[in-house]
>>> print(open('entry.csv').read())   # CSV, C-alpha atoms
chain,number,residue,atom,x,y,z
A,67,MET,CA,105.0,154.6,-6.0
A,68,ALA,CA,106.7,151.2,-5.8
A,69,GLN,CA,105.6,150.1,-9.2
A,70,ASN,CA,106.9,153.3,-10.8
A,71,GLN,CA,110.4,152.3,-9.9
A,72,TRP,CA,110.3,149.6,-12.5
A,73,ASN,CA,111.1,151.9,-15.5
A,74,ASP,CA,113.4,151.3,-18.3
A,75,GLU,CA,116.3,153.0,-16.7
A,76,ARG,CA,116.2,150.9,-13.5
A,77,MET,CA,115.9,147.8,-15.7
A,78,ASP,CA,119.0,148.9,-17.7
A,79,GLN,CA,121.0,149.3,-14.5
A,80,ILE,CA,120.2,145.9,-13.2
A,81,ILE,CA,120.9,144.3,-16.6
A,82,SER,CA,124.3,146.1,-16.7
A,83,VAL,CA,125.3,144.7,-13.3
A,84,LEU,CA,124.0,141.2,-14.2
A,85,LEU,CA,126.0,141.1,-17.5
A,86,ARG,CA,129.2,142.3,-15.9
A,87,THR,CA,129.0,139.9,-12.9
A,88,GLY,CA,128.4,137.0,-15.3
A,89,VAL,CA,131.3,137.8,-17.6
A,90,LEU,CA,133.7,138.5,-14.7
A,91,LEU,CA,132.8,135.3,-12.9
A,92,ALA,CA,133.0,133.2,-16.1
A,93,SER,CA,136.4,134.7,-17.0
A,94,ALA,CA,137.8,134.0,-13.5
A,95,VAL,CA,136.7,130.3,-13.7
A,96,VAL,CA,138.1,130.0,-17.3
A,97,PHE,CA,141.4,131.6,-16.1
A,98,VAL,CA,141.8,129.2,-13.1
A,99,GLY,CA,140.9,126.3,-15.4
A,100,GLY,CA,143.5,127.6,-17.9
A,101,ILE,CA,146.2,127.6,-15.3
A,102,LEU,CA,145.3,124.1,-14.1
A,103,TYR,CA,145.4,122.9,-17.7
A,104,LEU,CA,148.7,124.4,-18.5
A,105,VAL,CA,150.3,123.2,-15.3
A,106,HIS,CA,149.1,119.6,-15.9
A,107,HIS,CA,149.6,119.4,-19.7
A,108,ARG,CA,153.0,120.4,-20.8
A,109,GLY,CA,153.4,118.0,-23.6
A,110,VAL,CA,153.1,118.5,-27.3
A,111,ARG,CA,150.1,120.6,-28.3
A,112,PRO,CA,146.9,118.9,-29.3
A,113,GLU,CA,146.1,118.5,-32.9
A,114,TYR,CA,143.2,120.7,-34.0
A,115,HIS,CA,143.3,120.2,-37.7
A,116,THR,CA,140.9,117.3,-37.9
A,117,PHE,CA,137.5,117.6,-36.3
A,118,ARG,CA,136.5,115.0,-33.8
A,119,ALA,CA,133.6,116.0,-31.6
A,120,GLU,CA,134.7,116.7,-28.0
A,121,PRO,CA,134.2,113.8,-25.6
A,122,PRO,CA,131.1,113.8,-23.4
A,123,ASP,CA,133.2,115.2,-20.5
A,124,TYR,CA,133.2,118.5,-22.3
A,125,ARG,CA,129.9,118.3,-24.1
A,126,GLU,CA,127.4,117.3,-21.4
A,127,PHE,CA,126.7,119.2,-18.2
A,128,ARG,CA,127.0,115.9,-16.2
A,129,GLY,CA,130.5,115.2,-17.6
A,130,ILE,CA,131.6,118.8,-17.1
A,131,PHE,CA,130.4,118.9,-13.5
A,132,LYS,CA,131.9,115.5,-12.7
A,133,GLY,CA,135.4,116.6,-13.8
A,134,LEU,CA,135.4,119.6,-11.6
A,135,PHE,CA,136.2,117.5,-8.5
A,136,SER,CA,139.2,116.0,-10.1
A,137,LEU,CA,140.7,119.5,-10.7
A,138,GLU,CA,140.9,118.8,-14.4
A,139,GLY,CA,141.6,122.2,-16.0
A,140,ARG,CA,139.6,121.6,-19.1
A,141,ASN,CA,136.5,120.8,-17.1
A,142,TRP,CA,136.9,124.0,-15.2
A,143,ILE,CA,137.3,126.0,-18.4
A,144,GLN,CA,134.2,124.3,-19.9
A,145,PHE,CA,132.3,125.1,-16.7
A,146,GLY,CA,133.4,128.7,-17.0
A,147,LEU,CA,132.1,128.7,-20.6
A,148,VAL,CA,128.8,127.3,-19.5
A,149,LEU,CA,128.5,130.1,-17.0
A,150,LEU,CA,129.3,132.6,-19.8
A,151,VAL,CA,126.6,131.2,-22.1
A,152,ALA,CA,124.2,131.3,-19.1
A,153,THR,CA,124.8,135.0,-18.7
A,154,PRO,CA,122.7,136.3,-21.6
A,155,VAL,CA,120.1,133.6,-20.8
A,156,ALA,CA,119.8,135.1,-17.3
A,157,ARG,CA,119.7,138.5,-18.8
A,158,VAL,CA,116.7,137.6,-21.0
A,159,ALA,CA,115.0,135.8,-18.1
A,160,PHE,CA,115.4,139.0,-16.0
A,161,SER,CA,113.9,141.0,-18.9
A,162,VAL,CA,110.7,138.8,-18.8
A,163,PHE,CA,110.3,139.7,-15.1
A,164,ALA,CA,111.1,143.4,-15.8
A,165,PHE,CA,108.6,143.7,-18.6
A,166,TYR,CA,106.0,142.0,-16.5
A,167,LYS,CA,106.6,144.5,-13.7
A,168,GLU,CA,106.2,147.3,-16.3
A,169,ARG,CA,102.9,145.6,-17.3
A,170,ASP,CA,104.1,145.4,-20.9
A,171,ARG,CA,102.3,142.2,-22.0
A,172,MET,CA,103.4,142.3,-25.6
A,173,TYR,CA,107.1,142.4,-24.6
A,174,VAL,CA,106.6,139.8,-22.0
A,175,SER,CA,105.5,137.4,-24.8
A,176,LEU,CA,108.2,138.4,-27.2
A,177,THR,CA,110.9,138.0,-24.5
A,178,LEU,CA,109.4,134.6,-23.6
A,179,VAL,CA,109.9,133.5,-27.2
A,180,VAL,CA,113.5,134.5,-27.1
A,181,LEU,CA,114.0,132.8,-23.7
A,182,SER,CA,112.5,129.5,-25.0
A,183,VAL,CA,114.9,129.5,-27.9
A,184,LEU,CA,117.8,130.0,-25.6
A,185,VAL,CA,116.6,127.4,-23.1
A,186,PHE,CA,116.0,124.9,-25.9
A,187,SER,CA,119.6,125.3,-27.2
A,188,PHE,CA,121.1,125.3,-23.7
A,189,PHE,CA,119.4,122.2,-22.4
A,190,ARG,CA,119.0,120.1,-25.5
A,191,TYR,CA,120.3,116.5,-25.4
B,96,MET,CA,155.4,123.4,-30.3
B,97,THR,CA,154.4,122.8,-26.7
B,98,VAL,CA,151.0,123.5,-25.2
B,99,LEU,CA,152.2,126.6,-23.4
B,100,THR,CA,153.8,128.2,-26.5
B,101,PHE,CA,150.7,127.4,-28.6
B,102,SER,CA,148.3,128.8,-26.0
B,103,LEU,CA,150.4,132.0,-25.6
B,104,LEU,CA,150.6,132.5,-29.3
B,105,ILE,CA,146.8,132.2,-29.6
B,106,LEU,CA,146.3,134.4,-26.6
B,107,VAL,CA,148.4,137.2,-28.2
B,108,SER,CA,146.7,136.9,-31.6
B,109,ALA,CA,143.2,136.9,-29.9
B,110,LEU,CA,144.2,140.0,-27.9
B,111,VAL,CA,145.2,141.9,-31.1
B,112,ALA,CA,142.0,140.7,-32.8
B,113,GLY,CA,139.9,141.8,-29.9
B,114,LEU,CA,141.7,145.2,-29.7
B,115,LEU,CA,141.3,145.9,-33.4
B,116,GLY,CA,137.8,144.5,-33.4
B,117,SER,CA,136.6,146.8,-30.7
B,118,LEU,CA,138.4,149.9,-32.1
B,119,THR,CA,136.8,149.4,-35.5
B,120,GLY,CA,133.5,148.2,-34.3
B,121,LEU,CA,133.7,145.0,-36.3
B,122,GLY,CA,134.2,142.7,-33.4
B,123,GLY,CA,136.9,140.1,-32.7
B,124,GLY,CA,135.2,137.0,-34.0
B,125,ILE,CA,135.4,138.0,-37.7
B,126,VAL,CA,139.2,138.0,-37.7
B,127,ILE,CA,139.9,135.3,-35.1
B,128,VAL,CA,138.3,132.5,-37.1
B,129,PRO,CA,140.3,133.1,-40.3
B,130,LEU,CA,143.4,133.6,-38.2
B,131,LEU,CA,142.9,130.2,-36.4
B,132,VAL,CA,142.0,128.4,-39.7
B,133,LEU,CA,144.6,129.9,-42.0
B,134,VAL,CA,147.6,130.6,-39.7
B,135,PHE,CA,147.2,128.0,-36.9
B,136,ARG,CA,145.6,125.3,-39.1
B,137,VAL,CA,142.7,124.8,-36.7
B,138,ASN,CA,139.6,123.0,-38.0
B,139,ILE,CA,136.9,125.5,-38.9
B,140,HIS,CA,134.4,123.9,-36.4
B,141,TYR,CA,136.8,124.4,-33.5
B,142,ALA,CA,137.7,127.9,-34.7
B,143,ALA,CA,134.0,128.8,-34.9
B,144,GLY,CA,133.3,127.3,-31.5
B,145,ALA,CA,136.1,129.3,-29.8
B,146,SER,CA,135.1,132.5,-31.6
B,147,LEU,CA,131.5,132.2,-30.7
B,148,ILE,CA,132.4,131.9,-27.0
B,149,SER,CA,134.6,135.0,-27.2
B,150,VAL,CA,131.8,136.9,-29.0
B,151,ILE,CA,129.5,136.3,-26.0
B,152,ALA,CA,132.2,137.5,-23.6
B,153,THR,CA,132.9,140.8,-25.4
B,154,SER,CA,129.4,141.6,-26.3
B,155,SER,CA,128.1,141.1,-22.7
B,156,GLY,CA,131.0,143.1,-21.4
B,157,ALA,CA,130.5,146.0,-23.8
B,158,ALA,CA,126.7,145.8,-23.5
B,159,ALA,CA,127.1,146.3,-19.7
B,160,ALA,CA,128.7,149.7,-20.4
B,161,TYR,CA,126.4,150.8,-23.2
B,162,VAL,CA,123.2,149.9,-21.4
B,163,ARG,CA,124.2,152.0,-18.4
B,164,GLU,CA,124.9,155.0,-20.6
B,165,GLY,CA,121.4,154.9,-22.1
B,166,TYR,CA,122.3,154.4,-25.8
B,167,SER,CA,120.8,151.0,-26.4
B,168,ASN,CA,117.1,150.5,-26.9
B,169,VAL,CA,116.0,147.5,-25.0
B,170,ARG,CA,112.7,147.1,-26.9
B,171,ILE,CA,114.2,147.2,-30.4
B,172,GLY,CA,116.8,144.8,-29.1
B,173,MET,CA,114.4,142.3,-27.7
B,174,PHE,CA,112.1,142.4,-30.7
B,175,LEU,CA,114.9,141.8,-33.1
B,176,GLU,CA,116.4,139.1,-30.9
B,177,VAL,CA,113.3,137.0,-31.8
B,178,ALA,CA,114.7,137.1,-35.4
B,179,THR,CA,118.4,136.7,-34.5
B,180,THR,CA,118.0,133.8,-32.0
B,181,LEU,CA,115.7,131.8,-34.3
B,182,GLY,CA,118.3,132.4,-37.1
B,183,ALA,CA,121.2,131.4,-34.8
B,184,LEU,CA,119.5,128.2,-33.9
B,185,LEU,CA,119.0,127.4,-37.6
B,186,GLY,CA,122.6,128.4,-38.4
B,187,ALA,CA,124.0,126.1,-35.6
B,188,PHE,CA,122.0,123.2,-37.0
B,189,LEU,CA,123.2,123.9,-40.5
B,190,VAL,CA,126.9,123.6,-39.4
B,191,ALA,CA,126.6,119.8,-39.6
B,192,LYS,CA,124.9,119.9,-43.0
B,193,VAL,CA,127.2,122.2,-44.9
B,194,SER,CA,130.7,121.1,-45.9
B,195,PRO,CA,133.6,122.9,-44.2
B,196,ASN,CA,134.8,124.3,-47.6
B,197,ALA,CA,131.4,125.8,-48.2
B,198,ILE,CA,131.5,127.3,-44.8
B,199,ALA,CA,134.9,128.8,-45.6
B,200,ILE,CA,133.5,130.3,-48.8
B,201,ILE,CA,130.5,131.9,-47.0
B,202,PHE,CA,132.8,133.2,-44.4
B,203,ALA,CA,135.0,134.8,-47.1
B,204,LEU,CA,132.0,136.6,-48.6
B,205,VAL,CA,131.0,137.8,-45.1
B,206,LEU,CA,134.6,139.1,-44.6
B,207,LEU,CA,134.6,141.0,-47.9
B,208,PHE,CA,131.1,142.4,-47.3
B,209,SER,CA,132.1,143.6,-43.8
B,210,ALA,CA,135.2,145.3,-45.2
B,211,TYR,CA,132.9,147.1,-47.7
B,212,LEU,CA,130.6,148.1,-44.9
B,213,THR,CA,133.5,149.6,-42.9
B,214,LEU,CA,134.9,151.5,-45.7
B,215,ARG,CA,131.8,153.0,-47.2
B,216,LYS,CA,130.6,156.4,-46.0
B,217,GLN,CA,127.7,156.4,-43.5
B,218,PRO,CA,124.9,158.3,-45.1
B,219,ASP,CA,123.0,160.3,-42.5
B,220,ILE,CA,119.3,159.9,-42.6
B,221,HIS,CA,117.0,162.7,-41.7
B,222,ASP,CA,113.3,162.1,-42.0
B,223,THR,CA,110.3,164.1,-41.5
B,224,ARG,CA,107.7,161.7,-42.7
B,225,PRO,CA,105.0,160.6,-40.3
B,226,PRO,CA,106.0,157.8,-37.9
B,227,ASP,CA,105.6,154.2,-38.7
B,228,ARG,CA,102.5,152.5,-37.3
B,229,LEU,CA,104.1,149.1,-36.4
B,230,ALA,CA,107.1,150.8,-34.7
B,231,GLU,CA,104.7,152.8,-32.7
B,232,ARG,CA,102.7,149.8,-31.6
B,233,LEU,CA,105.9,148.1,-30.6
B,234,ARG,CA,106.9,151.1,-28.6
B,235,MET,CA,110.3,151.3,-30.4
B,236,ASN,CA,110.6,155.1,-30.7
B,237,GLY,CA,113.0,156.5,-28.1
B,238,ASP,CA,115.7,159.1,-27.3
B,239,TYR,CA,119.4,159.0,-26.7
B,240,PRO,CA,121.9,161.3,-25.0
B,241,THR,CA,124.0,163.6,-27.3
B,242,ALA,CA,126.2,166.6,-26.6
B,243,HIS,CA,123.1,168.8,-27.0
B,244,GLY,CA,120.9,166.9,-24.6
B,245,LYS,CA,118.4,164.1,-25.3
B,246,VAL,CA,117.5,163.6,-29.0
B,247,SER,CA,114.4,161.6,-29.9
B,248,TYR,CA,114.1,159.3,-32.9
B,249,THR,CA,111.4,157.4,-34.7
B,250,VAL,CA,111.7,153.9,-36.2
B,251,ARG,CA,110.5,152.7,-39.6
B,252,ARG,CA,110.5,149.6,-41.9
B,253,VAL,CA,110.4,147.2,-39.0
B,254,PRO,CA,109.8,144.0,-41.1
B,255,ILE,CA,112.9,144.7,-43.3
B,256,GLY,CA,115.0,145.2,-40.2
B,257,PHE,CA,113.6,141.9,-38.8
B,258,LEU,CA,114.6,140.0,-41.9
B,259,VAL,CA,118.1,141.4,-42.0
B,260,CYS,CA,118.5,140.5,-38.4
B,261,HIS,CA,117.3,137.0,-39.1
B,262,ALA,CA,119.9,136.6,-41.7
B,263,ALA,CA,122.5,138.0,-39.3
B,264,GLY,CA,121.5,135.3,-36.8
B,265,ILE,CA,121.8,132.5,-39.3
B,266,LEU,CA,125.3,133.7,-40.2
B,267,SER,CA,126.2,134.0,-36.6
B,268,GLY,CA,125.2,130.4,-35.8
B,269,LEU,CA,126.8,129.0,-39.0
B,270,LEU,CA,130.1,130.9,-38.7
B,271,GLY,CA,130.6,131.5,-35.0
B,272,ILE,CA,130.7,135.3,-35.4
B,273,GLY,CA,128.7,138.1,-33.8
B,274,SER,CA,127.4,139.5,-37.1
B,275,GLY,CA,127.4,143.0,-35.6
B,276,PRO,CA,127.9,145.0,-38.8
B,277,LEU,CA,124.9,143.3,-40.4
B,278,LYS,CA,122.7,143.9,-37.4
B,279,VAL,CA,123.8,147.6,-37.4
B,280,LEU,CA,123.0,147.7,-41.1
B,281,GLY,CA,119.5,146.4,-40.5
B,282,MET,CA,118.9,148.9,-37.8
B,283,ASP,CA,120.4,152.1,-39.1
B,284,GLN,CA,119.8,151.7,-42.8
B,285,ALA,CA,116.5,149.8,-42.8
B,286,MET,CA,114.9,151.0,-39.6
B,287,GLU,CA,116.5,154.4,-39.5
B,288,VAL,CA,117.6,154.0,-35.9
B,289,PRO,CA,120.5,156.5,-35.1
B,290,PHE,CA,123.9,155.0,-35.7
B,291,LYS,CA,125.0,155.2,-32.1
B,292,VAL,CA,121.8,153.6,-30.9
B,293,SER,CA,122.1,150.9,-33.6
B,294,THR,CA,125.7,150.0,-32.5
B,295,ALA,CA,124.8,149.9,-28.8
B,296,THR,CA,121.7,147.8,-29.4
B,297,SER,CA,123.5,145.5,-31.8
B,298,ASN,CA,126.2,144.9,-29.1
B,299,PHE,CA,123.4,144.1,-26.7
B,300,MET,CA,121.9,141.6,-29.1
B,301,ILE,CA,125.1,139.9,-30.1
B,302,GLY,CA,125.5,138.0,-26.8
B,303,VAL,CA,122.0,136.7,-26.8
B,304,THR,CA,122.2,135.7,-30.5
B,305,ALA,CA,125.5,133.9,-29.9
B,306,ALA,CA,124.1,132.2,-26.7
B,307,ALA,CA,121.3,130.7,-28.9
B,308,SER,CA,123.9,128.7,-30.9
B,309,ALA,CA,126.5,128.3,-28.2
B,310,GLY,CA,124.4,125.7,-26.3
B,311,ILE,CA,124.2,123.6,-29.5
B,312,TYR,CA,127.9,124.2,-30.2
B,313,ILE,CA,128.9,122.8,-26.8
B,314,HIS,CA,126.6,119.8,-27.0
B,315,ARG,CA,127.8,118.9,-30.5
B,316,GLY,CA,131.4,119.2,-29.4
B,317,TYR,CA,132.6,122.2,-31.4
B,318,VAL,CA,133.9,124.0,-28.3
B,319,ASP,CA,137.3,122.7,-27.3
B,320,PRO,CA,138.1,124.1,-23.8
B,321,ALA,CA,141.9,124.2,-24.3
B,322,LEU,CA,141.5,126.2,-27.5
B,323,ALA,CA,138.6,128.4,-26.4
B,324,MET,CA,140.4,129.4,-23.2
B,325,PRO,CA,143.2,131.6,-24.8
B,326,VAL,CA,140.8,132.8,-27.5
B,327,MET,CA,138.2,134.0,-25.0
B,328,LEU,CA,140.6,135.6,-22.5
B,329,GLY,CA,142.6,137.2,-25.3
B,330,VAL,CA,139.7,138.7,-27.2
B,331,LEU,CA,138.1,139.9,-24.0
B,332,ALA,CA,141.3,141.6,-22.8
B,333,GLY,CA,141.8,143.2,-26.2
B,334,ALA,CA,138.2,144.5,-26.3
B,335,PHE,CA,138.6,145.9,-22.8
B,336,LEU,CA,141.8,147.7,-23.8
B,337,GLY,CA,140.1,148.9,-27.0
B,338,ALA,CA,137.2,150.4,-25.0
B,339,ARG,CA,139.8,152.3,-22.9
B,340,ILE,CA,141.6,153.9,-25.8
B,341,LEU,CA,138.6,154.4,-28.1
B,342,PRO,CA,137.8,158.1,-27.4
B,343,GLY,CA,140.3,160.0,-29.6
B,344,ALA,CA,142.2,157.2,-31.2
B,345,GLY,CA,142.7,157.7,-34.9
B,346,THR,CA,140.1,155.2,-35.8
B,347,ARG,CA,139.8,156.2,-39.5
B,348,TYR,CA,143.2,154.9,-40.4
B,349,LEU,CA,142.7,151.9,-38.2
B,350,ARG,CA,139.5,151.1,-40.0
B,351,ILE,CA,141.2,151.2,-43.4
B,352,LEU,CA,144.1,149.1,-42.1
B,353,PHE,CA,141.8,146.6,-40.5
B,354,SER,CA,139.6,146.4,-43.6
B,355,VAL,CA,142.7,145.7,-45.8
B,356,ALA,CA,143.6,142.8,-43.4
B,357,ILE,CA,140.1,141.5,-43.6
B,358,ILE,CA,140.0,141.6,-47.4
B,359,ALA,CA,143.3,139.7,-47.4
B,360,LEU,CA,142.0,137.1,-45.1
B,361,GLY,CA,138.7,136.9,-47.1
B,362,VAL,CA,140.5,136.3,-50.4
B,363,GLU,CA,142.8,133.7,-48.8
B,364,MET,CA,139.8,132.0,-47.2
B,365,PHE,CA,137.9,132.1,-50.5
B,366,VAL,CA,140.7,130.5,-52.4
B,367,LYS,CA,141.2,127.8,-49.8
B,368,GLY,CA,137.5,127.1,-49.8
B,369,ILE,CA,137.2,126.9,-53.6
B,370,THR,CA,140.2,124.6,-53.9
B,371,GLY,CA,138.9,122.4,-51.1
B,372,LYS,CA,141.9,122.9,-48.8
B,373,ILE,CA,140.1,123.8,-45.6
>>> encode(input="entry.csv", output="structure tokens")
Amino acid sequence: MAQNQWNDERMDQIISVLLRTGVLLASAVVFVGGILYLVHHRGVRPEYHTFRAEPPDYREFRGIFKGLFSLEGRNWIQFGLVLLVATPVARVAFSVFAFYKERDRMYVSLTLVVLSVLVFSFFRY
Amino acid sequence: MTVLTFSLLILVSALVAGLLGSLTGLGGGIVIVPLLVLVFRVNIHYAAGASLISVIATSSGAAAAYVREGYSNVRIGMFLEVATTLGALLGAFLVAKVSPNAIAIIFALVLLFSAYLTLRKQPDIHDTRPPDRLAERLRMNGDYPTAHGKVSYTVRRVPIGFLVCHAAGILSGLLGIGSGPLKVLGMDQAMEVPFKVSTATSNFMIGVTAAASAGIYIHRGYVDPALAMPVMLGVLAGAFLGARILPGAGTRYLRILFSVAIIALGVEMFVKGITGKI
């Protein structure tokens, strides 16, 4: 009976919990980062009209993680955003597993294609 | 203007955008980008970056509810995500190749087209033709809950739906929006998926599509944390509020009102893009 539990409904339930947890966790981290940022930066607002790519501290995982210890609000926000982007990636990764459990080979392959695109974008550079 | 005032103003605007976006089904991204660009004079790359992030948040939040209720079709969603994520990747790479003014013009056209999609009547499709072979092989046919119990549906014209979703993915990656209306169009008009299932499945797909370009957006420096923070929290709070009031709200007038706002933003964006003032 054990393998029959892996039906679409069960999969939907788990995906639902996964998505909600990811979004809540990410929002909480972004919120904390936002408070830290607003407390430390009271000056004139930054200028957003001209595009200069963000510094590596907010672009690369290494820079983002490094700034977490210095309680820099923007690093915390960016860390929260990375968690948020990781949420759908985790959802798709879970779907690979779920389709595998359902013995649906075609959808395991399709989901792997989607997962590779996501992982490529997430970890590139 | 101080950082605090600026952040609060953005937060409130994003909240309203998220609320209207969720009530009308158009999503918050489509209105927050022109708002940031035209009203707050934010560079279109930063605006798209902040919007794309908020799109992931609202879509994942909404999908969590829809999936549980059994409206979304995981197989249709996953199959079409192959098209949308590849498109999103392409769109995100194109951002650096296309001039900001051209992006603004494309955005304006998408705004006008979305307003048209919202205002037009939804033709109901009833079909008695034999089911589609490809859809059957892909196990896309399913059922969904209605007031009269579960109703089953069959899916058709999968390749057209796939192409439409690929285009939706490109636009999502290029403009930092969810492209929900276009995905719904591909599903309910081309593939004849029931409207309710289309919307739920589209919501499910939007987050994954946006995540495919978000990685590149972050690595290329389009996502500014200080700007993305109030946008994401505002849109998410607005969408959450919208989901609470949705049943019963006079959405018809809201849709008309919102569409008028979108047309106005679209025209303004178009003019700015054409005259090179973005």
>>> interface_residues(input="entry.csv", of="chain B", to="chain A", cutoff="7 Å", atoms="only C-alpha atoms", output="PDB file with C-alpha atoms, in the frame of the given file")
ATOM      1  CA  MET B  96     155.400 123.400 -30.300  1.00  0.00           C
ATOM      2  CA  THR B  97     154.400 122.800 -26.700  1.00  0.00           C
ATOM      3  CA  VAL B  98     151.000 123.500 -25.200  1.00  0.00           C
ATOM      4  CA  LEU B  99     152.200 126.600 -23.400  1.00  0.00           C
ATOM      5  CA  PHE B 101     150.700 127.400 -28.600  1.00  0.00           C
ATOM      6  CA  ARG B 136     145.600 125.300 -39.100  1.00  0.00           C
ATOM      7  CA  VAL B 137     142.700 124.800 -36.700  1.00  0.00           C
ATOM      8  CA  ASN B 138     139.600 123.000 -38.000  1.00  0.00           C
ATOM      9  CA  ALA B 152     132.200 137.500 -23.600  1.00  0.00           C
ATOM     10  CA  SER B 155     128.100 141.100 -22.700  1.00  0.00           C
ATOM     11  CA  GLY B 156     131.000 143.100 -21.400  1.00  0.00           C
ATOM     12  CA  ALA B 159     127.100 146.300 -19.700  1.00  0.00           C
ATOM     13  CA  ALA B 160     128.700 149.700 -20.400  1.00  0.00           C
ATOM     14  CA  VAL B 162     123.200 149.900 -21.400  1.00  0.00           C
ATOM     15  CA  ARG B 163     124.200 152.000 -18.400  1.00  0.00           C
ATOM     16  CA  MET B 173     114.400 142.300 -27.700  1.00  0.00           C
ATOM     17  CA  PHE B 174     112.100 142.400 -30.700  1.00  0.00           C
ATOM     18  CA  GLU B 176     116.400 139.100 -30.900  1.00  0.00           C
ATOM     19  CA  VAL B 177     113.300 137.000 -31.800  1.00  0.00           C
ATOM     20  CA  THR B 180     118.000 133.800 -32.000  1.00  0.00           C
ATOM     21  CA  LEU B 181     115.700 131.800 -34.300  1.00  0.00           C
ATOM     22  CA  GLY B 302     125.500 138.000 -26.800  1.00  0.00           C
ATOM     23  CA  VAL B 303     122.000 136.700 -26.800  1.00  0.00           C
ATOM     24  CA  ALA B 306     124.100 132.200 -26.700  1.00  0.00           C
ATOM     25  CA  ALA B 307     121.300 130.700 -28.900  1.00  0.00           C
ATOM     26  CA  SER B 308     123.900 128.700 -30.900  1.00  0.00           C
ATOM     27  CA  ALA B 309     126.500 128.300 -28.200  1.00  0.00           C
ATOM     28  CA  GLY B 310     124.400 125.700 -26.300  1.00  0.00           C
ATOM     29  CA  ILE B 311     124.200 123.600 -29.500  1.00  0.00           C
ATOM     30  CA  ILE B 313     128.900 122.800 -26.800  1.00  0.00           C
ATOM     31  CA  HIS B 314     126.600 119.800 -27.000  1.00  0.00           C
ATOM     32  CA  ARG B 315     127.800 118.900 -30.500  1.00  0.00           C
ATOM     33  CA  GLY B 316     131.400 119.200 -29.400  1.00  0.00           C
ATOM     34  CA  TYR B 317     132.600 122.200 -31.400  1.00  0.00           C
ATOM     35  CA  ASP B 319     137.300 122.700 -27.300  1.00  0.00           C
ATOM     36  CA  PRO B 320     138.100 124.100 -23.800  1.00  0.00           C
ATOM     37  CA  ALA B 321     141.900 124.200 -24.300  1.00  0.00           C
ATOM     38  CA  MET B 324     140.400 129.400 -23.200  1.00  0.00           C
ATOM     39  CA  LEU B 328     140.600 135.600 -22.500  1.00  0.00           C
TER      40      LEU B 328
END
>>> atom_distance(input="entry.csv", atom1="CA of Ser149 (chain B)", atom2="CA of Val366 (chain B)")
26.3 Å
>>> closest_residue(input="entry.csv", among="B:Leu258, B:Leu269, B:Val246, B:Leu106", to="Ser194 (chain B)", atoms="all atoms listed in the file")
B:Leu269
>>> residues_around(input="entry.csv", residues="Tyr348 (chain B)", least_positions_apart="3", cutoff="12 Å", atoms="all atoms listed in the file", output="list in words")
Leu115, Leu118, Thr119, Thr213, Leu214, Ala344, Gly345, Ile351, Leu352, Phe353, Ser354 and Val355 of chain B
>>> write_last_selection(input="entry.csv", atoms="C-alpha atoms", output="tab-separated table (two decimals), keeping the file's coordinate frame")
chain	number	residue	atom	x	y	z
B	115	LEU	CA	141.30	145.90	-33.40
B	118	LEU	CA	138.40	149.90	-32.10
B	119	THR	CA	136.80	149.40	-35.50
B	213	THR	CA	133.50	149.60	-42.90
B	214	LEU	CA	134.90	151.50	-45.70
B	344	ALA	CA	142.20	157.20	-31.20
B	345	GLY	CA	142.70	157.70	-34.90
B	351	ILE	CA	141.20	151.20	-43.40
B	352	LEU	CA	144.10	149.10	-42.10
B	353	PHE	CA	141.80	146.60	-40.50
B	354	SER	CA	139.60	146.40	-43.60
B	355	VAL	CA	142.70	145.70	-45.80
>>> atom_distance(input="entry.csv", atom1="CA of Ala203 (chain B)", atom2="CA of Leu185 (chain B)")
20.0 Å
>>> axis_aligned_box(input="entry.csv", around="region 350-367 of chain B", padding_each_side="3 Å", output="JSON")
{"center_x": 141.0, "center_y": 139.5, "center_z": -46.2, "size_x": 12.2, "size_y": 29.4, "size_z": 18.4}
>>> atom_distance(input="entry.csv", atom1="CA of Ile373 (chain B)", atom2="CA of Gly333 (chain B)")
27.5 Å
>>> closest_residue(input="entry.csv", among="B:Ile265, B:Leu114, B:Val205, B:Ala230", to="Arg170 (chain B)", atoms="only C-alpha atoms")
B:Ala230
>>> build_atoms(input="entry.csv", residues="region 85-91 of chain A", atoms="N, CA and C atoms", output="PDB file, keeping the file's coordinate frame")
ATOM      1  N   LEU A  85     125.138 141.470 -16.373  1.00  0.00           N
ATOM      2  CA  LEU A  85     126.000 141.100 -17.500  1.00  0.00           C
ATOM      3  C   LEU A  85     127.496 141.122 -16.979  1.00  0.00           C
ATOM      4  N   ARG A  86     127.835 142.210 -16.276  1.00  0.00           N
ATOM      5  CA  ARG A  86     129.200 142.300 -15.900  1.00  0.00           C
ATOM      6  C   ARG A  86     129.617 141.236 -14.882  1.00  0.00           C
ATOM      7  N   THR A  87     128.745 140.960 -13.915  1.00  0.00           N
ATOM      8  CA  THR A  87     129.000 139.900 -12.900  1.00  0.00           C
ATOM      9  C   THR A  87     129.227 138.567 -13.651  1.00  0.00           C
ATOM     10  N   GLY A  88     128.337 138.257 -14.593  1.00  0.00           N
ATOM     11  CA  GLY A  88     128.400 137.000 -15.300  1.00  0.00           C
ATOM     12  C   GLY A  88     129.733 136.845 -16.056  1.00  0.00           C
ATOM     13  N   VAL A  89     130.108 137.895 -16.796  1.00  0.00           N
ATOM     14  CA  VAL A  89     131.300 137.800 -17.600  1.00  0.00           C
ATOM     15  C   VAL A  89     132.561 137.720 -16.696  1.00  0.00           C
ATOM     16  N   LEU A  90     132.586 138.495 -15.600  1.00  0.00           N
ATOM     17  CA  LEU A  90     133.700 138.500 -14.700  1.00  0.00           C
ATOM     18  C   LEU A  90     133.879 137.086 -14.041  1.00  0.00           C
ATOM     19  N   LEU A  91     132.762 136.564 -13.559  1.00  0.00           N
ATOM     20  CA  LEU A  91     132.800 135.300 -12.900  1.00  0.00           C
ATOM     21  C   LEU A  91     133.242 134.174 -13.878  1.00  0.00           C
TER      22      LEU A  91
END
